[in-house]
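> One structure coming up, written as structure tokens, with questions to follow.
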Amino acid sequence: MTKILITGANGQLGNEFRKLSINHSDWEFTFTDVDNLDITNFSALESLCNQNQFNYIVNCAAYTAVDKAENDLELATKLNRDAVKNLATVAAQIDAVLIHVSTDYVFNGMACTPYTEDLSVSPTSAYGRTKAQGEEEALKYNKSLVIRTAWLYSTFGNNFVKTMLRLGSDRPEISVVFDQIGTPTYAEDLASAILSIIQNTNTNGAKPGIYHFSNEGVCSWYDFAWEIQNFAQTRCIVKPIESKDYPTPAKRPAFSVFNKSKIKSTFNIDIPYWKTSLYKCLNSLINSN
């Protein structure tokens, strides 16, 4: 039986794994979060993994408060770098495949063509730097896959889609930046892709390295917000503004578009268009209210 450990299971991505796990009754999932497993505690992590002898460790845990990380570097480093080192060390001990989720923030956002996996990282924020350090730790182990993603949203947790729905029902107008370009990523699609990678690995063996995943297509945060309000049929007007008019402690990448050829060809994965997935998520959110 394939045994899979999911860390950070109470977050957006982790909850999507919980939902999709029912489709894999022949696999055994163990879902953990900080309340029952602190992955910065090496001995606790080692004990759990030695007891269960997992075939896969999927790390969805991270310090993701991008702005807070600027002044909370110690904790961000502990979660985004040191915990990943722990996971890689333990994965090596039990010969498990480590799948570690990373971010577009490892790049400086100054590109004008989609990022490929072989480009050098150059983070401009504390969050991005700690995530880049985590990637380094993961890749020291020869059975690690690092999957970078961007603009993640879900029916679970707090995210841009839920915020826009709430603001759209509360306010006559909102202002959203139009000069940051990327691709929204539905966490359900990312979880599904990772499960496909596990299935592929069971058959063909591990194919370690860095991979990029987001939904297909490109938009700005303004376009993203506009599409949400339009679908929800709110009366809220979305106004485009420049990033300089919405200053934040951490610098956001202006360009976060991924080239996804590698993950699609390596694992034979079909990726939905961003609007298709957004509508699916919005239908779930709106119909559940």
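Chains: A, B, ... in order of the structure tokens. Residues: from 1 per chain. Ligands: from 1, in order shown.
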Show which residues sit within 12 Å of A:Asn202, as an MDAnalysis selection string. Count only C-alpha atoms, and ignore same-chain residues fewer than 3 positions away.
chainID A and resid 1:4 27 55:56 96:97 195:199 205:207 267
> Run DSSP on the backbone and tell me which residues of stretch 154-229 of chain A come out as helix (DSSP H, G or I); list them as a count of residues only.
38
> Give one line per residue of stretch 48-150 of chain A that approaches stretch 7-10 of chain A to at most 7 Å, naming the two atoms of the closest pair and their distance in Å to one decimal, counting only C-alpha atoms; sort by chain then ascending residue number and deliver it as CSV.

```
residue,atom,partner,partner_atom,distance
A:Val58,CA,A:Thr7,CA,6.4
A:Asn59,CA,A:Thr7,CA,5.1
A:Cys60,CA,A:Gly8,CA,4.8
A:Ala61,CA,A:Gly8,CA,3.9
```
> Name the closest residue to A:Ile237 among the candidates A:Pro184, A:Gly168, A:Gly134, A:Pro114; distances are taken between atoms, counting only C-alpha atoms.
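Residue with the minimum atom-to-atom distance to A:Ile237: A:Gly168.
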> My list of candidates is A:Ala187, A:Met110, A:Ala44, A:Ala193. Which is closest to A:Thr155 when distances are computed with only C-alpha atoms?
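So, comparing all the options, the nearest one is A:Ala187.
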> Which of these, A:Lys19, A:Thr248, A:Ser284, A:Gly11, has the shortest distance to A:Lys68 once you count only C-alpha atoms?
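Among A:Lys19, A:Thr248, A:Ser284, A:Gly11, it is A:Thr248 that comes nearest to A:Lys68.
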> Do you know which residues are at most 9 Å from A:Lys262 counting only C-alpha atoms, after dropping those on the same chain fewer than 6 positions away, and could you put them as a compact mmCIF listing (two decimals) with C-alpha atoms, in the first residue's frame?

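Once everything was written out, this is part22.txt:
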```txt
# COMPACT_ATOMS: atom_id res chain seq x y z
CA THR A 116 11.49 27.96 -16.71
CA GLU A 117 12.83 25.71 -13.97
CA TYR A 211 8.69 21.76 -11.58
CA HIS A 212 6.36 24.69 -12.21
```
> Need to verify the contact set: A:Asn50, 9 Å, only C-alpha atoms, exclusion of same-chain residues closer than 6 positions in sequence. Can you return it as a list in words?
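Result of the neighbour search: Val90, Gln93 and Ile94 of chain A.
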> Restricted to C-alpha atoms, what would the selected residues look like written as a compact mmCIF listing (two decimals), in the first residue's frame?

```txt
# COMPACT_ATOMS: atom_id res chain seq x y z
CA VAL A 90 13.82 12.04 7.46
CA GLN A 93 16.19 7.83 6.32
CA ILE A 94 13.02 6.02 5.26
```
> Interatomic distance between atom CA of A:Arg235 and atom CA of A:Ser175?
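According to the coordinates, atom CA of A:Arg235 and atom CA of A:Ser175 are separated by 14.0 Å.
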> Taking 3 positions as the minimum chain separation for residues in the same chain, which residues sit within 9 Å of A:Lys244 when counting only C-alpha atoms? Answer as an NGL selection string.
:A and (177 or 241 or 247)
> Pick from A:Thr185, A:Ser102, A:Thr149, A:Ser192: nearest to A:Phe17, with only C-alpha atoms counted?
A:Ser192
> Restricting the calculation to only C-alpha atoms: of A:Asn80, A:Thr103, A:Thr183, A:Thr276, which residue gets closest to A:Gly217?
A:Thr183
> Could you tell me how far atom CA of A:Tyr127 sits from atom CA of A:Leu75, in Å to one decimal place?
10.5 Å
> State, in Å with one decimal place, the distance from atom CA of A:Gln233 to atom CA of A:Phe156.
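Between these atoms lies a distance of 21.6 Å.
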> List the neighbours of A:Leu152 out to 12 Å using only C-alpha atoms; skip same-chain residues closer than 2 positions along the sequence, and give me the result as a PyMOL selection string.
chain A and resi 11-13+16+64+101-104+148-150+154-162+182-191+213-215+274+277-278+281
> Restricting the calculation to only C-alpha atoms: of A:Asp33, A:Asp170, A:Glu216, A:Glu137, which residue gets closest to A:Gly14?
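Using only C-alpha atoms, the shortest distance to A:Gly14 belongs to A:Asp33.
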